[in-house]
Amino acid sequence: MKKIFLFVACASLMVMGVKAQTAEELFNAGKAEFARYDKLFGEYTLTHGQNPEAPDPTIGDRAKSLMSGFELLQKALPLDTIIEYNKDGSPKMDKKTGKPKFKTKYSKDIVALLSGHINDVLNVGNAGLLSNDFATSYKAFKFFSQLVGSSLTEGVQFEQATLADVAFYEGYSAYQLKDYDGAYNAFKNAISKGYTENQVVDFKNSCLANIIQTFCDSKNYDGAFVYIDKAIADDPTSALLYDMKGFVVEQKDGLAAAEAFYKKATEVDATFPNGFFDLGRVIYDKAEKIIEDNPKATNADLKPKLVPLYNEALPLFKKANELDPKSEKTQSKRFIDDIEYKLDLLK
């Protein structure tokens, strides 16, 4: 795992919702949480400084204090903005900005504390990964991703590679927690930022497969279609996505209804074995239904109908078998043997 450290300058802060607490109360509470984090981190550094790759037993407590500090201070900042009013009750206006004048008491210290701890969010995420505390690493990396682009980081330049790393590890952490929706979105974000390592595409596809399977298990096919159609719109050249849609259609309406999507999968990617295998299943199934629907028919009666279908299905299974590195053990090979046997009987 790559270590990630950022050093950022002081910047203005995002405005978030507040509770019925004073700026002073929130400032003191948030400051105390950061102080607790700093103390725990200092103790950890002393005891684990010689072995920084070792799991961190204090990561849960440190993460809790750090996130709490951010939450409290983010709430304190807008409360510290006190509008100045004229005697008639109207707000005093700043002639330069055209906005109401205001004064603050804690804002400078709040922004300094927040900006000074942004890098700690990534440190907590890294420590969570090392300790297999994926709930902590997911929360930290996701939180950092949300901070980027907010007013707290306004004007701060981040390396695209670093942001891509953060997005990947956010997704990886969510994946370990089986939060496939969160992981899918994070992996997409990582890929959009140029991330190509650690089988990120496979991780993303695995997330989508798990999401679609969950929809199908609950027979919520419409929900599955919404998800898969959006994915296809984002990536219309993915054979896997068309094959997945075919799978959902097959679950809902039967194998024959999925033919167009399995065929599309073979058209957009001639190296995707599942597309050829699934299209082969559709054609093979047509032949099987003819046999089932005509129990008294002889081979001579069935031959004109079955042979064209078997001849259409056979090269599809052979192609799937050719593309599959474990060809001798695939289902494709079993279909090939069965079709060749039946074609021999129909001679």
# chains A, B, ... in the order shown; residues from 1 in each chain; ligands from 1
call {"tool": "residues_around", "arguments": {"residues": "segment 245-260 of chain A", "least_positions_apart": "6", "cutoff": "12 Å", "atoms": "only C-alpha atoms", "output": "VMD selection string"}}
result
chain A and resid 208 to 209 211 to 232 238 to 239 266 to 267 274 to 287 289
call {"tool": "select_by_dssp", "arguments": {"residues": "segment 199-336 of chain A", "states": "helix (DSSP H, G or I)", "output": "ChimeraX atom specification"}}
result
/A:200-217,221-234,239-253,256-268,273-293,299-323,327-329,331-336
call {"tool": "residues_around", "arguments": {"residues": "Asn28 of chain A", "least_positions_apart": "3", "cutoff": "12 Å", "atoms": "only C-alpha atoms", "output": "list in words"}}
result
Gln21, Thr22, Ala23, Glu24, Glu25, Lys31, Ala32, Glu33, Phe34, Ala35, Gly69, Leu72, Leu73, Lys75, Ala76, Leu77, Tyr106, Asp109, Ile110 and Leu113 of chain A
call {"tool": "residues_around", "arguments": {"residues": "Asn321 of chain A", "least_positions_apart": "3", "cutoff": "9 Å", "atoms": "only C-alpha atoms", "output": "ChimeraX atom specification"}}
result
/A:273,277,316-318,324-328,330-333,336
call {"tool": "write_last_selection", "arguments": {"atoms": "N, CA and C atoms", "output": "mmCIF file, in the first residue's frame"}}
result
data_model
loop_
_atom_site.group_PDB
_atom_site.id
_atom_site.type_symbol
_atom_site.label_atom_id
_atom_site.label_comp_id
_atom_site.auth_asym_id
_atom_site.auth_seq_id
_atom_site.Cartn_x
_atom_site.Cartn_y
_atom_site.Cartn_z
ATOM 1 N N PRO A 273 -15.435 -13.776 -23.324
ATOM 2 C CA PRO A 273 -15.959 -15.136 -23.473
ATOM 3 C C PRO A 273 -17.400 -15.311 -22.995
ATOM 4 N N PHE A 277 -20.561 -17.359 -24.712
ATOM 5 C CA PHE A 277 -21.146 -18.493 -23.997
ATOM 6 C C PHE A 277 -22.644 -18.281 -23.777
ATOM 7 N N LEU A 316 -20.169 -20.523 -31.315
ATOM 8 C CA LEU A 316 -20.221 -19.590 -30.184
ATOM 9 C C LEU A 316 -19.560 -20.211 -28.956
ATOM 10 N N PHE A 317 -19.892 -21.472 -28.717
ATOM 11 C CA PHE A 317 -19.271 -22.160 -27.580
ATOM 12 C C PHE A 317 -17.781 -22.395 -27.828
ATOM 13 N N LYS A 318 -17.412 -22.662 -29.053
ATOM 14 C CA LYS A 318 -16.000 -22.863 -29.372
ATOM 15 C C LYS A 318 -15.209 -21.565 -29.165
ATOM 16 N N ASP A 324 -11.440 -18.701 -23.082
ATOM 17 C CA ASP A 324 -11.350 -19.046 -21.665
ATOM 18 C C ASP A 324 -10.035 -19.761 -21.403
ATOM 19 N N PRO A 325 -9.175 -19.219 -20.532
ATOM 20 C CA PRO A 325 -7.874 -19.858 -20.269
ATOM 21 C C PRO A 325 -7.994 -21.230 -19.627
ATOM 22 N N LYS A 326 -9.138 -21.543 -19.062
ATOM 23 C CA LYS A 326 -9.349 -22.861 -18.451
ATOM 24 C C LYS A 326 -10.299 -23.675 -19.329
ATOM 25 N N SER A 327 -10.057 -23.624 -20.606
ATOM 26 C CA SER A 327 -11.005 -24.139 -21.591
ATOM 27 C C SER A 327 -11.427 -25.588 -21.363
ATOM 28 N N GLU A 328 -10.505 -26.438 -20.936
ATOM 29 C CA GLU A 328 -10.846 -27.845 -20.795
ATOM 30 C C GLU A 328 -11.820 -28.095 -19.644
ATOM 31 N N THR A 330 -14.255 -25.720 -18.710
ATOM 32 C CA THR A 330 -15.380 -24.799 -18.767
ATOM 33 C C THR A 330 -16.655 -25.504 -19.165
ATOM 34 N N GLN A 331 -17.770 -24.822 -18.891
ATOM 35 C CA GLN A 331 -19.073 -25.333 -19.333
ATOM 36 C C GLN A 331 -19.139 -25.334 -20.855
ATOM 37 N N SER A 332 -18.407 -24.409 -21.484
ATOM 38 C CA SER A 332 -18.405 -24.352 -22.947
ATOM 39 C C SER A 332 -17.995 -25.696 -23.542
ATOM 40 N N LYS A 333 -16.979 -26.299 -22.963
ATOM 41 C CA LYS A 333 -16.498 -27.596 -23.487
ATOM 42 C C LYS A 333 -17.576 -28.661 -23.363
ATOM 43 N N ILE A 336 -20.024 -28.078 -26.139
ATOM 44 C CA ILE A 336 -19.420 -28.486 -27.416
ATOM 45 C C ILE A 336 -19.534 -29.993 -27.597
#
call {"tool": "residues_around", "arguments": {"residues": "Phe41 of chain A", "least_positions_apart": "6", "cutoff": "12 Å", "atoms": "only C-alpha atoms", "output": "count of residues only"}}
result
20
call {"tool": "closest_residue", "arguments": {"among": "A:Gly116, A:Lys105, A:Thr45, A:Thr136", "to": "Lys64 of chain A", "atoms": "only C-alpha atoms"}}
result
A:Thr136
call {"tool": "residues_around", "arguments": {"residues": "Ala161 of chain A", "least_positions_apart": "5", "cutoff": "10 Å", "atoms": "only C-alpha atoms", "output": "list of chain:residue names"}}
result
A:Val166, A:Ala167, A:Ala190, A:Lys193, A:Gly194, A:Tyr195
call {"tool": "atom_distance", "arguments": {"atom1": "atom CA of Thr196 of chain A", "atom2": "atom CA of Phe141 of chain A"}}
result
18.3 Å
call {"tool": "residues_around", "arguments": {"residues": "Phe168 of chain A", "least_positions_apart": "6", "cutoff": "9 Å", "atoms": "only C-alpha atoms", "output": "list in words"}}
result
Ala183, Ala186, Phe187, Lys188, Asn189, Ala190, Ile191, Tyr195, Asn198 and Val200 of chain A
call {"tool": "write_last_selection", "arguments": {"atoms": "C-alpha atoms", "output": "PDB file, in the first residue's frame"}}
result
ATOM      1  CA  ALA A 183     -17.241   0.969  -3.242  1.00  0.00           C
ATOM      2  CA  ALA A 186     -15.369   5.267  -5.225  1.00  0.00           C
ATOM      3  CA  PHE A 187     -13.768   2.934  -7.782  1.00  0.00           C
ATOM      4  CA  LYS A 188     -15.482   4.856 -10.591  1.00  0.00           C
ATOM      5  CA  ASN A 189     -14.059   8.045  -9.127  1.00  0.00           C
ATOM      6  CA  ALA A 190     -10.586   6.527  -8.947  1.00  0.00           C
ATOM      7  CA  ILE A 191     -10.747   5.365 -12.563  1.00  0.00           C
ATOM      8  CA  TYR A 195      -6.116   5.101 -11.470  1.00  0.00           C
ATOM      9  CA  ASN A 198      -4.606  -3.061  -8.107  1.00  0.00           C
ATOM     10  CA  VAL A 200      -9.427  -1.491  -9.952  1.00  0.00           C
TER      11      VAL A 200
END
call {"tool": "closest_residue", "arguments": {"among": "A:Ser192, A:Gln176, A:Asn185, A:Asn294", "to": "Asp133 of chain A", "atoms": "only C-alpha atoms"}}
result
A:Gln176
call {"tool": "atom_distance", "arguments": {"atom1": "atom CA of Cys207 of chain A", "atom2": "atom CA of Tyr184 of chain A"}}
result
5.5 Å
call {"tool": "atom_distance", "arguments": {"atom1": "atom CA of Tyr310 of chain A", "atom2": "atom CA of Leu343 of chain A"}}
result
7.4 Å
